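Here is the structure we will look at.
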Amino acid sequence: MKRSEYIIGIGIAIVIALIAYFITQAWALGPIPPRDLRGIASFYLYSMMNEKSPFYVSSPEAVTSILWDYRGLDTLYETAVFFLAIIGAVTVFRLLREHEKKVEEHRKEIKEPGMTLIVRLITKLTFTIIMVVAASIALHGQITPGGGFQGGAALAVAPLLAIAGLSRYFVEDVGLKEKTALALRTLGLTIIGLIALIPLILMSLGGLAYFMQNLPKPWAKYIGFPEWLLGVPLGGSLFFYNIAECLAVGAGFTVVFLLLSIPEDIFKKIIEGEKGE
Amino acid sequence: MNEEFIVTFLWTYIYLTLLVILGLAIYGIVFRPNIIKKIIALTILGDTANIFMIYVGYRYTYPVKPPILWSWKPNATVLDTFLHQSVDPLPQALVITAIVINLAVTVLICFIAIQAYRLYGSLDVRDLAKLKG
(Lines give C-alpha, C1' and ligand atoms only; values in the text may rest on other atoms or scores of the structure.)
Protein backbone atom coordinates (compact mmCIF):
# COMPACT_ATOMS: atom_id res chain seq x y z
CA MET A 1 0.00 0.00 0.00
CA LYS A 2 1.12 3.51 -0.75
CA ARG A 3 1.48 6.10 1.98
CA SER A 4 -1.36 8.19 0.53
CA GLU A 5 -3.76 5.23 0.95
CA TYR A 6 -2.91 5.01 4.67
CA ILE A 7 -3.52 8.74 5.03
CA ILE A 8 -6.94 8.43 3.30
CA GLY A 9 -7.94 5.52 5.55
CA ILE A 10 -6.91 7.27 8.77
CA GLY A 11 -8.60 10.46 7.55
CA ILE A 12 -11.92 8.66 6.99
CA ALA A 13 -11.67 7.06 10.46
CA ILE A 14 -11.08 10.46 12.11
CA VAL A 15 -13.97 12.08 10.21
CA ILE A 16 -16.33 9.24 11.27
CA ALA A 17 -15.17 9.59 14.87
CA LEU A 18 -15.84 13.34 14.84
CA ILE A 19 -19.35 12.92 13.35
CA ALA A 20 -20.10 10.14 15.85
CA TYR A 21 -18.94 12.39 18.72
CA PHE A 22 -21.26 15.22 17.69
CA ILE A 23 -24.22 12.90 17.10
CA THR A 24 -23.69 11.37 20.55
CA GLN A 25 -23.43 14.76 22.25
CA ALA A 26 -26.65 15.91 20.63
CA TRP A 27 -28.24 12.58 21.76
CA ALA A 28 -29.62 12.40 18.22
CA LEU A 29 -30.11 8.63 17.98
CA GLY A 30 -31.31 8.18 21.54
CA PRO A 31 -29.91 5.34 23.66
CA ILE A 32 -28.20 2.85 21.36
CA PRO A 33 -27.99 -0.08 21.75
CA PRO A 34 -31.56 -0.25 23.11
CA ARG A 35 -32.03 -1.25 26.75
CA ASP A 36 -35.33 -3.04 26.28
CA LEU A 37 -36.71 -5.63 23.88
CA ARG A 38 -39.14 -4.69 21.16
CA GLY A 39 -42.70 -5.81 21.82
CA ILE A 40 -42.76 -8.49 19.13
CA ALA A 41 -39.48 -9.98 20.40
CA SER A 42 -40.84 -10.18 23.97
CA PHE A 43 -43.93 -11.93 22.61
CA TYR A 44 -41.83 -14.55 20.77
CA LEU A 45 -39.51 -15.15 23.71
CA TYR A 46 -42.36 -15.34 26.19
CA SER A 47 -44.66 -17.71 24.30
CA MET A 48 -42.29 -20.16 22.58
CA MET A 49 -41.74 -22.41 25.63
CA ASN A 50 -44.79 -21.39 27.68
CA GLU A 51 -47.23 -24.31 27.68
CA LYS A 52 -50.11 -22.08 28.75
CA SER A 53 -49.72 -19.78 25.75
CA PRO A 54 -51.78 -20.56 22.62
CA PHE A 55 -48.63 -19.78 20.61
CA TYR A 56 -46.59 -22.54 22.25
CA VAL A 57 -43.86 -23.92 19.93
CA SER A 58 -42.11 -26.41 22.21
CA SER A 59 -38.65 -25.32 21.10
CA PRO A 60 -36.28 -23.46 23.46
CA GLU A 61 -34.43 -22.01 20.46
CA ALA A 62 -36.07 -18.68 19.58
CA VAL A 63 -34.46 -18.32 16.15
CA THR A 64 -35.64 -21.71 14.91
CA SER A 65 -39.15 -21.15 16.29
CA ILE A 66 -39.39 -17.83 14.45
CA LEU A 67 -37.88 -19.30 11.30
CA TRP A 68 -40.26 -22.23 10.93
CA ASP A 69 -43.27 -21.33 13.06
CA TYR A 70 -43.99 -17.62 13.64
CA ARG A 71 -42.49 -16.57 10.31
CA GLY A 72 -42.85 -19.92 8.57
CA LEU A 73 -44.43 -18.55 5.44
CA ASP A 74 -41.52 -16.12 4.96
CA THR A 75 -39.08 -19.01 5.17
CA LEU A 76 -41.11 -21.06 2.72
CA TYR A 77 -40.83 -18.27 0.14
CA GLU A 78 -37.16 -17.74 0.89
CA THR A 79 -36.59 -21.43 0.22
CA ALA A 80 -38.38 -20.87 -3.08
CA VAL A 81 -35.92 -18.07 -3.94
CA PHE A 82 -33.01 -20.40 -3.14
CA PHE A 83 -34.62 -23.11 -5.31
CA LEU A 84 -34.99 -20.74 -8.27
CA ALA A 85 -31.42 -19.40 -7.98
CA ILE A 86 -29.98 -22.94 -8.14
CA ILE A 87 -32.31 -23.80 -11.03
CA GLY A 88 -31.01 -20.72 -12.86
CA ALA A 89 -27.39 -21.71 -12.25
CA VAL A 90 -28.01 -25.27 -13.50
CA THR A 91 -29.76 -23.93 -16.60
CA VAL A 92 -26.81 -21.70 -17.50
CA PHE A 93 -24.35 -24.59 -17.14
CA ARG A 94 -26.50 -27.32 -18.70
CA LEU A 95 -24.75 -30.06 -20.68
CA LEU A 96 -26.27 -31.85 -23.65
CA ARG A 97 -25.89 -35.62 -24.09
CA GLU A 98 -23.07 -35.21 -26.61
CA HIS A 99 -21.25 -32.87 -24.22
CA GLU A 100 -21.54 -35.45 -21.46
CA LYS A 101 -19.74 -37.88 -23.76
CA LYS A 102 -16.83 -35.42 -23.97
CA VAL A 103 -16.64 -35.38 -20.17
CA GLU A 104 -16.52 -39.21 -20.27
CA GLU A 105 -13.67 -39.09 -22.81
CA HIS A 106 -11.77 -36.67 -20.62
CA ARG A 107 -12.24 -39.00 -17.71
CA LYS A 108 -10.66 -41.95 -19.53
CA GLU A 109 -7.55 -39.88 -20.27
CA ILE A 110 -6.89 -39.40 -16.56
CA LYS A 111 -5.41 -42.53 -14.98
CA GLU A 112 -5.02 -41.55 -11.35
CA PRO A 113 -7.38 -38.78 -10.27
CA GLY A 114 -6.97 -36.75 -7.13
CA MET A 115 -4.00 -35.63 -5.09
CA THR A 116 -1.36 -37.72 -3.29
CA LEU A 117 -2.18 -40.65 -1.00
CA ILE A 118 -1.75 -38.59 2.17
CA VAL A 119 -4.21 -35.94 1.00
CA ARG A 120 -6.73 -38.55 -0.14
CA LEU A 121 -6.62 -40.41 3.18
CA ILE A 122 -7.00 -37.23 5.26
CA THR A 123 -9.82 -36.07 2.97
CA LYS A 124 -11.71 -39.30 3.56
CA LEU A 125 -11.34 -38.93 7.34
CA THR A 126 -12.35 -35.26 7.32
CA PHE A 127 -15.29 -36.00 5.01
CA THR A 128 -16.84 -38.26 7.65
CA ILE A 129 -16.27 -35.74 10.43
CA ILE A 130 -17.90 -32.94 8.42
CA MET A 131 -20.93 -35.12 7.72
CA VAL A 132 -21.31 -35.87 11.44
CA VAL A 133 -21.00 -32.18 12.33
CA ALA A 134 -23.60 -31.23 9.72
CA ALA A 135 -26.01 -33.89 10.97
CA SER A 136 -25.54 -32.72 14.55
CA ILE A 137 -26.18 -29.08 13.61
CA ALA A 138 -29.34 -29.97 11.69
CA LEU A 139 -30.79 -32.53 14.13
CA HIS A 140 -30.21 -30.34 17.22
CA GLY A 141 -31.64 -27.28 15.47
CA GLN A 142 -34.63 -26.96 17.77
CA ILE A 143 -32.69 -26.98 21.06
CA THR A 144 -29.24 -25.50 20.30
CA PRO A 145 -27.99 -22.87 17.84
CA GLY A 146 -28.18 -24.28 14.35
CA GLY A 147 -30.83 -25.62 12.05
CA GLY A 148 -31.52 -26.66 8.51
CA PHE A 149 -29.82 -23.79 6.71
CA GLN A 150 -26.63 -23.96 8.74
CA GLY A 151 -26.52 -27.76 8.69
CA GLY A 152 -27.03 -27.74 4.92
CA ALA A 153 -24.24 -25.22 4.41
CA ALA A 154 -21.93 -27.38 6.54
CA LEU A 155 -23.05 -30.51 4.67
CA ALA A 156 -22.17 -28.93 1.31
CA VAL A 157 -18.55 -28.49 2.42
CA ALA A 158 -18.02 -32.29 2.47
CA PRO A 159 -18.54 -32.90 -1.29
CA LEU A 160 -16.54 -29.73 -2.03
CA LEU A 161 -13.62 -31.14 -0.06
CA ALA A 162 -13.98 -34.50 -1.81
CA ILE A 163 -13.97 -32.81 -5.23
CA ALA A 164 -10.80 -30.89 -4.35
CA GLY A 165 -8.93 -33.77 -2.72
CA LEU A 166 -10.22 -36.86 -4.50
CA SER A 167 -11.33 -35.37 -7.86
CA ARG A 168 -14.75 -34.98 -9.38
CA TYR A 169 -14.63 -38.46 -10.92
CA PHE A 170 -14.19 -40.16 -7.55
CA VAL A 171 -17.29 -38.36 -6.25
CA GLU A 172 -19.22 -39.48 -9.33
CA ASP A 173 -18.06 -43.08 -8.89
CA VAL A 174 -19.38 -43.09 -5.32
CA GLY A 175 -22.76 -42.26 -6.83
CA LEU A 176 -23.09 -38.57 -6.24
CA LYS A 177 -23.77 -37.32 -9.75
CA GLU A 178 -25.38 -33.99 -10.60
CA LYS A 179 -28.68 -35.66 -11.32
CA THR A 180 -28.62 -37.55 -8.00
CA ALA A 181 -27.91 -34.33 -6.13
CA LEU A 182 -30.69 -32.53 -8.02
CA ALA A 183 -33.08 -35.35 -7.16
CA LEU A 184 -32.06 -35.20 -3.47
CA ARG A 185 -32.65 -31.47 -3.44
CA THR A 186 -36.08 -31.84 -5.02
CA LEU A 187 -36.84 -34.57 -2.49
CA GLY A 188 -35.95 -32.22 0.37
CA LEU A 189 -38.17 -29.47 -1.00
CA THR A 190 -41.03 -31.92 -1.58
CA ILE A 191 -40.80 -33.06 2.03
CA ILE A 192 -40.98 -29.40 3.16
CA GLY A 193 -44.13 -28.94 1.06
CA LEU A 194 -45.63 -32.18 2.38
CA ILE A 195 -44.96 -31.26 6.03
CA ALA A 196 -46.77 -27.98 5.42
CA LEU A 197 -49.74 -29.81 3.88
CA ILE A 198 -50.02 -32.88 6.17
CA PRO A 199 -52.24 -31.14 8.79
CA LEU A 200 -54.62 -30.04 6.02
CA ILE A 201 -54.74 -33.56 4.57
CA LEU A 202 -55.40 -35.05 8.01
CA MET A 203 -58.17 -32.50 8.52
CA SER A 204 -60.31 -34.39 6.02
CA LEU A 205 -60.47 -37.18 8.65
CA GLY A 206 -62.13 -34.79 11.10
CA GLY A 207 -60.97 -32.15 13.56
CA LEU A 208 -59.32 -28.80 13.04
CA ALA A 209 -55.95 -28.12 11.45
CA TYR A 210 -54.27 -25.34 9.50
CA PHE A 211 -51.79 -24.95 6.68
CA MET A 212 -48.23 -25.15 8.12
CA GLN A 213 -49.59 -26.05 11.54
CA ASN A 214 -46.78 -26.78 13.94
CA LEU A 215 -48.40 -28.34 17.03
CA PRO A 216 -52.00 -29.23 17.79
CA LYS A 217 -53.37 -26.02 19.28
CA PRO A 218 -55.40 -26.18 22.51
CA TRP A 219 -58.65 -25.31 20.77
CA ALA A 220 -58.11 -27.69 17.87
CA LYS A 221 -58.64 -31.20 19.25
CA TYR A 222 -56.45 -33.03 16.81
CA ILE A 223 -53.32 -35.13 16.51
CA GLY A 224 -50.46 -33.09 15.05
CA PHE A 225 -46.70 -33.34 15.05
CA PRO A 226 -45.18 -34.51 18.35
CA GLU A 227 -43.93 -31.90 20.82
CA TRP A 228 -41.66 -34.19 22.89
CA LEU A 229 -39.66 -37.29 22.03
CA LEU A 230 -37.67 -39.25 24.64
CA GLY A 231 -37.73 -36.27 27.00
CA VAL A 232 -36.33 -33.86 24.43
CA PRO A 233 -38.43 -31.01 23.00
CA LEU A 234 -39.03 -31.78 19.34
CA GLY A 235 -40.77 -28.55 18.42
CA GLY A 236 -43.55 -30.22 16.43
CA SER A 237 -42.79 -29.84 12.74
CA LEU A 238 -39.55 -27.85 13.32
CA PHE A 239 -37.46 -31.01 13.61
CA PHE A 240 -38.74 -32.39 10.29
CA TYR A 241 -38.43 -29.03 8.53
CA ASN A 242 -34.80 -28.81 9.68
CA ILE A 243 -33.91 -32.24 8.28
CA ALA A 244 -35.59 -31.54 4.94
CA GLU A 245 -34.04 -28.08 4.66
CA CYS A 246 -30.59 -29.48 5.47
CA LEU A 247 -30.99 -32.01 2.66
CA ALA A 248 -32.25 -29.38 0.20
CA VAL A 249 -29.53 -26.80 0.92
CA GLY A 250 -26.70 -29.34 1.08
CA ALA A 251 -27.69 -31.08 -2.16
CA GLY A 252 -28.37 -27.72 -3.88
CA PHE A 253 -24.85 -26.48 -3.23
CA THR A 254 -23.42 -29.89 -4.16
CA VAL A 255 -24.98 -29.52 -7.63
CA VAL A 256 -23.28 -26.15 -7.98
CA PHE A 257 -19.87 -27.49 -6.90
CA LEU A 258 -20.15 -30.48 -9.25
CA LEU A 259 -20.99 -28.17 -12.16
CA LEU A 260 -18.12 -25.82 -11.30
CA SER A 261 -15.66 -28.72 -11.22
CA ILE A 262 -16.13 -29.68 -14.88
CA PRO A 263 -12.71 -28.98 -16.47
CA GLU A 264 -12.65 -25.68 -18.32
CA ASP A 265 -11.06 -27.07 -21.53
CA ILE A 266 -14.12 -29.27 -22.09
CA PHE A 267 -16.28 -26.16 -22.27
CA LYS A 268 -13.71 -24.56 -24.55
CA LYS A 269 -13.93 -27.53 -26.92
CA ILE A 270 -17.73 -27.41 -26.85
CA ILE A 271 -17.83 -23.68 -27.66
CA GLU A 272 -15.21 -24.06 -30.42
CA GLY A 273 -17.19 -26.95 -31.89
CA GLU A 274 -20.35 -24.86 -31.94
CA LYS A 275 -18.54 -22.00 -33.67
CA GLY A 276 -17.05 -24.40 -36.25
CA GLU A 277 -20.49 -25.68 -37.19
CA MET B 1 -17.32 11.11 30.36
CA ASN B 2 -19.70 8.59 31.82
CA GLU B 3 -20.24 5.00 30.69
CA GLU B 4 -23.49 5.83 28.89
CA PHE B 5 -21.71 8.36 26.68
CA ILE B 6 -18.84 6.03 25.76
CA VAL B 7 -21.17 3.16 24.85
CA THR B 8 -23.43 5.37 22.73
CA PHE B 9 -20.38 6.93 21.05
CA LEU B 10 -18.90 3.54 20.15
CA TRP B 11 -22.21 2.30 18.75
CA THR B 12 -22.70 5.47 16.72
CA TYR B 13 -19.16 4.99 15.42
CA ILE B 14 -19.95 1.38 14.37
CA TYR B 15 -23.18 2.42 12.65
CA LEU B 16 -21.42 5.19 10.73
CA THR B 17 -18.59 2.84 9.74
CA LEU B 18 -21.14 0.37 8.41
CA LEU B 19 -22.77 3.21 6.44
CA VAL B 20 -19.39 4.12 4.94
CA ILE B 21 -18.78 0.47 3.97
CA LEU B 22 -22.25 0.38 2.38
CA GLY B 23 -21.31 3.48 0.39
CA LEU B 24 -18.00 1.93 -0.71
CA ALA B 25 -19.81 -1.26 -1.78
CA ILE B 26 -22.34 0.70 -3.84
CA TYR B 27 -19.45 2.68 -5.36
CA GLY B 28 -17.80 -0.64 -6.30
CA ILE B 29 -20.98 -2.01 -7.86
CA VAL B 30 -21.59 1.13 -9.92
CA PHE B 31 -18.13 2.30 -10.98
CA ARG B 32 -15.88 -0.78 -11.23
CA PRO B 33 -15.92 -2.06 -14.82
CA ASN B 34 -14.87 -5.65 -13.99
CA ILE B 35 -17.75 -8.00 -13.23
CA ILE B 36 -15.73 -9.97 -10.64
CA LYS B 37 -15.07 -6.76 -8.71
CA LYS B 38 -18.76 -5.91 -8.95
CA ILE B 39 -19.61 -9.32 -7.45
CA ILE B 40 -17.09 -8.81 -4.62
CA ALA B 41 -18.64 -5.40 -3.89
CA LEU B 42 -22.09 -7.01 -3.92
CA THR B 43 -21.09 -9.62 -1.34
CA ILE B 44 -19.58 -6.85 0.83
CA LEU B 45 -22.91 -4.99 0.56
CA GLY B 46 -24.85 -8.05 1.65
CA ASP B 47 -22.54 -8.83 4.56
CA THR B 48 -22.61 -5.23 5.77
CA ALA B 49 -26.41 -5.26 5.73
CA ASN B 50 -26.37 -8.52 7.72
CA ILE B 51 -23.96 -7.13 10.34
CA PHE B 52 -26.17 -4.04 10.61
CA MET B 53 -29.19 -6.29 11.26
CA ILE B 54 -27.34 -8.19 13.99
CA TYR B 55 -26.34 -4.91 15.69
CA VAL B 56 -29.94 -3.69 15.54
CA GLY B 57 -30.99 -6.83 17.42
CA TYR B 58 -28.43 -6.35 20.20
CA ARG B 59 -29.43 -5.12 23.60
CA TYR B 60 -27.43 -3.27 26.24
CA THR B 61 -27.97 -5.14 29.47
CA TYR B 62 -26.04 -7.32 31.87
CA PRO B 63 -25.79 -10.31 31.67
CA VAL B 64 -26.74 -10.51 28.00
CA LYS B 65 -27.62 -13.97 26.64
CA PRO B 66 -28.40 -15.53 23.25
CA PRO B 67 -32.13 -16.13 22.62
CA ILE B 68 -32.04 -19.76 23.76
CA LEU B 69 -34.00 -20.81 26.82
CA TRP B 70 -31.86 -22.87 29.22
CA SER B 71 -34.79 -24.63 30.87
CA TRP B 72 -37.10 -27.02 29.03
CA LYS B 73 -39.82 -26.77 31.68
CA PRO B 74 -39.73 -23.06 32.54
CA ASN B 75 -41.76 -21.50 35.33
CA ALA B 76 -42.75 -17.84 35.51
CA THR B 77 -39.48 -16.77 37.21
CA VAL B 78 -37.30 -18.40 34.56
CA LEU B 79 -39.32 -16.81 31.75
CA ASP B 80 -39.07 -13.40 33.40
CA THR B 81 -35.27 -13.70 33.81
CA PHE B 82 -35.02 -14.87 30.21
CA LEU B 83 -36.96 -11.84 28.95
CA HIS B 84 -34.60 -9.54 30.88
CA GLN B 85 -31.41 -11.12 29.53
CA SER B 86 -32.03 -12.27 25.98
CA VAL B 87 -31.26 -10.30 22.83
CA ASP B 88 -33.79 -9.78 20.04
CA PRO B 89 -34.09 -13.06 18.04
CA LEU B 90 -35.99 -11.66 15.04
CA PRO B 91 -33.03 -10.02 13.20
CA GLN B 92 -31.01 -13.21 13.68
CA ALA B 93 -33.75 -15.29 12.08
CA LEU B 94 -33.88 -12.90 9.12
CA VAL B 95 -30.08 -12.93 8.72
CA ILE B 96 -29.91 -16.75 8.60
CA THR B 97 -32.10 -16.94 5.51
CA ALA B 98 -30.50 -13.81 4.03
CA ILE B 99 -27.05 -15.45 4.17
CA VAL B 100 -28.16 -18.59 2.32
CA ILE B 101 -30.10 -16.63 -0.30
CA ASN B 102 -27.19 -14.23 -0.72
CA LEU B 103 -24.95 -17.23 -1.36
CA ALA B 104 -27.38 -18.75 -3.89
CA VAL B 105 -27.82 -15.48 -5.78
CA THR B 106 -24.04 -14.92 -5.83
CA VAL B 107 -23.63 -18.42 -7.27
CA LEU B 108 -26.13 -17.60 -10.01
CA ILE B 109 -24.36 -14.32 -10.89
CA CYS B 110 -20.96 -16.06 -10.88
CA PHE B 111 -22.25 -18.74 -13.25
CA ILE B 112 -23.55 -16.08 -15.65
CA ALA B 113 -20.18 -14.27 -15.42
CA ILE B 114 -18.25 -17.48 -16.17
CA GLN B 115 -20.49 -18.21 -19.15
CA ALA B 116 -20.07 -14.64 -20.44
CA TYR B 117 -16.29 -15.01 -20.21
CA ARG B 118 -16.37 -18.33 -22.08
CA LEU B 119 -18.50 -16.90 -24.87
CA TYR B 120 -17.04 -13.42 -25.24
CA GLY B 121 -13.57 -13.68 -23.68
CA SER B 122 -14.01 -10.64 -21.46
CA LEU B 123 -15.42 -9.66 -18.08
CA ASP B 124 -15.26 -5.91 -18.70
CA VAL B 125 -18.75 -4.43 -18.88
CA ARG B 126 -17.53 -1.83 -21.40
CA ASP B 127 -16.64 -4.67 -23.80
CA LEU B 128 -19.82 -6.61 -23.04
CA ALA B 129 -21.96 -3.51 -23.69
CA LYS B 130 -20.66 -3.32 -27.26
CA LEU B 131 -21.98 -6.80 -28.10
CA LYS B 132 -25.10 -6.99 -30.20
CA GLY B 133 -27.71 -9.72 -30.30
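How things are named: the first chain in the C-alpha coordinates is A, the next is B, and so on; residues count from 1 in each chain; ligands count from 1 in the order shown.
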
Kindly provide, as a PyMOL selection string, the residues of chain A having any atom no farther than 8 Å from an atom of chain B, counting only C-alpha atoms. chain A and resi 16-17+20-21+23-25+31-38+41-42+45-46+49-50+60-64+66-67+75+78+81-82+85-86+88-89+92-93+143-145+149-150+153+233+256+267-268+271

List as a VMD selection string the protein and nucleic acid residues near stretch 178-189 of chain A, meaning an atom at most 7 Å away when only C-alpha atoms are counted, but skip any in the same chain fewer than 2 places from it. chain A and resid 176 191 to 193 244 to 245 247 to 248 251 to 252 254 to 255 258

Print the selection's residues with N, CA and C atoms to a file, as an mmCIF file, in the first residue's frame.
data_model
loop_
_atom_site.group_PDB
_atom_site.id
_atom_site.type_symbol
_atom_site.label_atom_id
_atom_site.label_comp_id
_atom_site.auth_asym_id
_atom_site.auth_seq_id
_atom_site.Cartn_x
_atom_site.Cartn_y
_atom_site.Cartn_z
ATOM 1 N N LEU A 176 -22.543 -39.909 -6.405
ATOM 2 C CA LEU A 176 -23.086 -38.565 -6.235
ATOM 3 C C LEU A 176 -22.917 -37.796 -7.549
ATOM 4 N N ILE A 191 -40.460 -32.733 0.643
ATOM 5 C CA ILE A 191 -40.795 -33.057 2.033
ATOM 6 C C ILE A 191 -41.246 -31.793 2.768
ATOM 7 N N ILE A 192 -40.569 -30.652 2.508
ATOM 8 C CA ILE A 192 -40.981 -29.399 3.158
ATOM 9 C C ILE A 192 -42.423 -29.078 2.795
ATOM 10 N N GLY A 193 -42.748 -29.206 1.491
ATOM 11 C CA GLY A 193 -44.125 -28.937 1.063
ATOM 12 C C GLY A 193 -45.109 -29.891 1.713
ATOM 13 N N ALA A 244 -35.325 -31.703 6.364
ATOM 14 C CA ALA A 244 -35.595 -31.536 4.938
ATOM 15 C C ALA A 244 -34.820 -30.359 4.374
ATOM 16 N N GLU A 245 -34.749 -29.263 5.140
ATOM 17 C CA GLU A 245 -34.042 -28.077 4.661
ATOM 18 C C GLU A 245 -32.542 -28.358 4.552
ATOM 19 N N LEU A 247 -31.161 -31.208 3.875
ATOM 20 C CA LEU A 247 -30.993 -32.005 2.659
ATOM 21 C C LEU A 247 -31.058 -31.111 1.416
ATOM 22 N N ALA A 248 -32.054 -30.214 1.390
ATOM 23 C CA ALA A 248 -32.250 -29.380 0.201
ATOM 24 C C ALA A 248 -31.065 -28.441 -0.011
ATOM 25 N N ALA A 251 -27.703 -30.521 -0.808
ATOM 26 C CA ALA A 251 -27.694 -31.081 -2.158
ATOM 27 C C ALA A 251 -27.670 -29.975 -3.205
ATOM 28 N N GLY A 252 -28.360 -28.844 -2.924
ATOM 29 C CA GLY A 252 -28.367 -27.723 -3.876
ATOM 30 C C GLY A 252 -26.965 -27.191 -4.123
ATOM 31 N N THR A 254 -24.222 -28.834 -3.551
ATOM 32 C CA THR A 254 -23.417 -29.890 -4.164
ATOM 33 C C THR A 254 -23.558 -29.863 -5.684
ATOM 34 N N VAL A 255 -24.790 -29.634 -6.180
ATOM 35 C CA VAL A 255 -24.984 -29.523 -7.631
ATOM 36 C C VAL A 255 -24.084 -28.438 -8.192
ATOM 37 N N LEU A 258 -20.427 -29.478 -8.217
ATOM 38 C CA LEU A 258 -20.154 -30.481 -9.248
ATOM 39 C C LEU A 258 -20.096 -29.815 -10.618
#

Quick one: residues within 10 Å of A:Leu117, only C-alpha atoms counted, chain neighbours fewer than 6 positions away excluded, as a ChimeraX atom specification? /A:123,165-166

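Residues in contact with A:Leu155 at 7 Å, where only C-alpha atoms are counted and same-chain residues fewer than 6 positions away are skipped, are listed as Ile130, Met131, Ala134 and Gly250 of chain A.
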
Backbone-only DSSP, helix (DSSP H, G or I) members of stretch 27-95 of chain A, as number ranges by chain: A: 39-47, 62-70, 72-92

Output file for the residues above (N, CA and C atoms, as a CSV table (one decimal), in the first residue's frame):
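File produced: part-v4.csv:
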chain,number,residue,atom,x,y,z
A,39,GLY,N,-41.5,-5.1,21.4
A,39,GLY,CA,-42.7,-5.8,21.8
A,39,GLY,C,-42.8,-7.2,21.2
A,40,ILE,N,-42.6,-7.2,19.8
A,40,ILE,CA,-42.8,-8.5,19.1
A,40,ILE,C,-41.7,-9.5,19.6
A,41,ALA,N,-40.5,-9.0,19.9
A,41,ALA,CA,-39.5,-10.0,20.4
A,41,ALA,C,-39.9,-10.5,21.8
A,42,SER,N,-40.4,-9.7,22.7
A,42,SER,CA,-40.8,-10.2,24.0
A,42,SER,C,-41.9,-11.2,23.8
A,43,PHE,N,-42.8,-11.0,22.8
A,43,PHE,CA,-43.9,-11.9,22.6
A,43,PHE,C,-43.4,-13.3,22.2
A,44,TYR,N,-42.4,-13.3,21.2
A,44,TYR,CA,-41.8,-14.6,20.8
A,44,TYR,C,-41.1,-15.3,21.9
A,45,LEU,N,-40.3,-14.5,22.7
A,45,LEU,CA,-39.5,-15.1,23.7
A,45,LEU,C,-40.4,-15.7,24.8
A,46,TYR,N,-41.5,-14.9,25.1
A,46,TYR,CA,-42.4,-15.3,26.2
A,46,TYR,C,-43.2,-16.6,25.8
A,47,SER,N,-43.7,-16.7,24.6
A,47,SER,CA,-44.7,-17.7,24.3
A,47,SER,C,-44.1,-19.0,23.7
A,62,ALA,N,-35.2,-19.7,20.1
A,62,ALA,CA,-36.1,-18.7,19.6
A,62,ALA,C,-35.9,-18.5,18.1
A,63,VAL,N,-34.7,-18.6,17.6
A,63,VAL,CA,-34.5,-18.3,16.2
A,63,VAL,C,-35.2,-19.4,15.3
A,64,THR,N,-35.0,-20.7,15.7
A,64,THR,CA,-35.6,-21.7,14.9
A,64,THR,C,-37.2,-21.6,15.0
A,65,SER,N,-37.7,-21.3,16.2
A,65,SER,CA,-39.1,-21.2,16.3
A,65,SER,C,-39.7,-20.0,15.4
A,66,ILE,N,-38.9,-18.9,15.3
A,66,ILE,CA,-39.4,-17.8,14.5
A,66,ILE,C,-39.3,-18.3,13.0
A,67,LEU,N,-38.2,-18.9,12.7
A,67,LEU,CA,-37.9,-19.3,11.3
A,67,LEU,C,-39.0,-20.2,10.7
A,68,TRP,N,-39.4,-21.2,11.5
A,68,TRP,CA,-40.3,-22.2,10.9
A,68,TRP,C,-41.7,-22.2,11.5
A,69,ASP,N,-41.9,-21.4,12.5
A,69,ASP,CA,-43.3,-21.3,13.1
A,69,ASP,C,-43.9,-20.0,12.9
A,70,TYR,N,-43.4,-18.9,13.7
A,70,TYR,CA,-44.0,-17.6,13.6
A,70,TYR,C,-43.9,-17.0,12.3
A,72,GLY,N,-43.1,-18.8,9.4
A,72,GLY,CA,-42.8,-19.9,8.6
A,72,GLY,C,-43.1,-19.6,7.1
A,73,LEU,N,-44.1,-18.8,6.8
A,73,LEU,CA,-44.4,-18.6,5.4
A,73,LEU,C,-43.3,-17.8,4.8
A,74,ASP,N,-42.7,-16.8,5.5
A,74,ASP,CA,-41.5,-16.1,5.0
A,74,ASP,C,-40.4,-17.1,4.5
A,75,THR,N,-40.2,-18.1,5.4
A,75,THR,CA,-39.1,-19.0,5.2
A,75,THR,C,-39.4,-19.9,4.0
A,76,LEU,N,-40.7,-20.2,3.9
A,76,LEU,CA,-41.1,-21.1,2.7
A,76,LEU,C,-40.8,-20.3,1.4
A,77,TYR,N,-41.1,-19.0,1.4
A,77,TYR,CA,-40.8,-18.3,0.1
A,77,TYR,C,-39.3,-18.1,-0.1
A,78,GLU,N,-38.6,-17.9,1.0
A,78,GLU,CA,-37.2,-17.7,0.9
A,78,GLU,C,-36.5,-19.0,0.4
A,79,THR,N,-37.1,-20.2,0.8
A,79,THR,CA,-36.6,-21.4,0.2
A,79,THR,C,-36.9,-21.5,-1.3
A,80,ALA,N,-38.0,-20.9,-1.7
A,80,ALA,CA,-38.4,-20.9,-3.1
A,80,ALA,C,-37.4,-20.0,-3.9
A,81,VAL,N,-36.9,-18.9,-3.3
A,81,VAL,CA,-35.9,-18.1,-3.9
A,81,VAL,C,-34.6,-18.9,-4.1
A,82,PHE,N,-34.2,-19.6,-3.1
A,82,PHE,CA,-33.0,-20.4,-3.1
A,82,PHE,C,-33.2,-21.5,-4.2
A,83,PHE,N,-34.3,-22.1,-4.3
A,83,PHE,CA,-34.6,-23.1,-5.3
A,83,PHE,C,-34.4,-22.5,-6.7
A,84,LEU,N,-35.0,-21.3,-6.9
A,84,LEU,CA,-35.0,-20.7,-8.3
A,84,LEU,C,-33.6,-20.3,-8.7
A,85,ALA,N,-32.8,-19.8,-7.7
A,85,ALA,CA,-31.4,-19.4,-8.0
A,85,ALA,C,-30.6,-20.6,-8.4
A,86,ILE,N,-30.7,-21.7,-7.7
A,86,ILE,CA,-30.0,-22.9,-8.1
A,86,ILE,C,-30.5,-23.4,-9.5
A,87,ILE,N,-31.8,-23.4,-9.7
A,87,ILE,CA,-32.3,-23.8,-11.0
A,87,ILE,C,-31.7,-22.9,-12.1
A,88,GLY,N,-31.6,-21.6,-11.9
A,88,GLY,CA,-31.0,-20.7,-12.9
A,88,GLY,C,-29.6,-21.1,-13.1
A,89,ALA,N,-28.8,-21.4,-12.1
A,89,ALA,CA,-27.4,-21.7,-12.2
A,89,ALA,C,-27.2,-23.0,-13.1
A,90,VAL,N,-28.1,-24.0,-12.8
A,90,VAL,CA,-28.0,-25.3,-13.5
A,90,VAL,C,-28.4,-25.1,-15.0
A,91,THR,N,-29.3,-24.2,-15.2
A,91,THR,CA,-29.8,-23.9,-16.6
A,91,THR,C,-28.6,-23.3,-17.4
A,92,VAL,N,-27.9,-22.3,-16.8
A,92,VAL,CA,-26.8,-21.7,-17.5
A,92,VAL,C,-25.7,-22.7,-17.8

Distance atom CA of A:Thr116-atom CA of A:Ile163, one decimal place? 13.7 Å

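Reported to one decimal place, the separation of atom CA of A:Gln213 from atom CA of A:Ile201 is 11.5 Å.
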
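Note that atom CA of A:Leu238 and atom CA of A:Leu194 are 13.2 Å apart.
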
Tell me, as JSON, numbers by chain, which residues lie within 9 Å of stretch 126-130 of chain B, counting only C-alpha atoms; anything in the same chain fewer than 5 positions away does not count. {"B": [33, 34, 116, 120]}
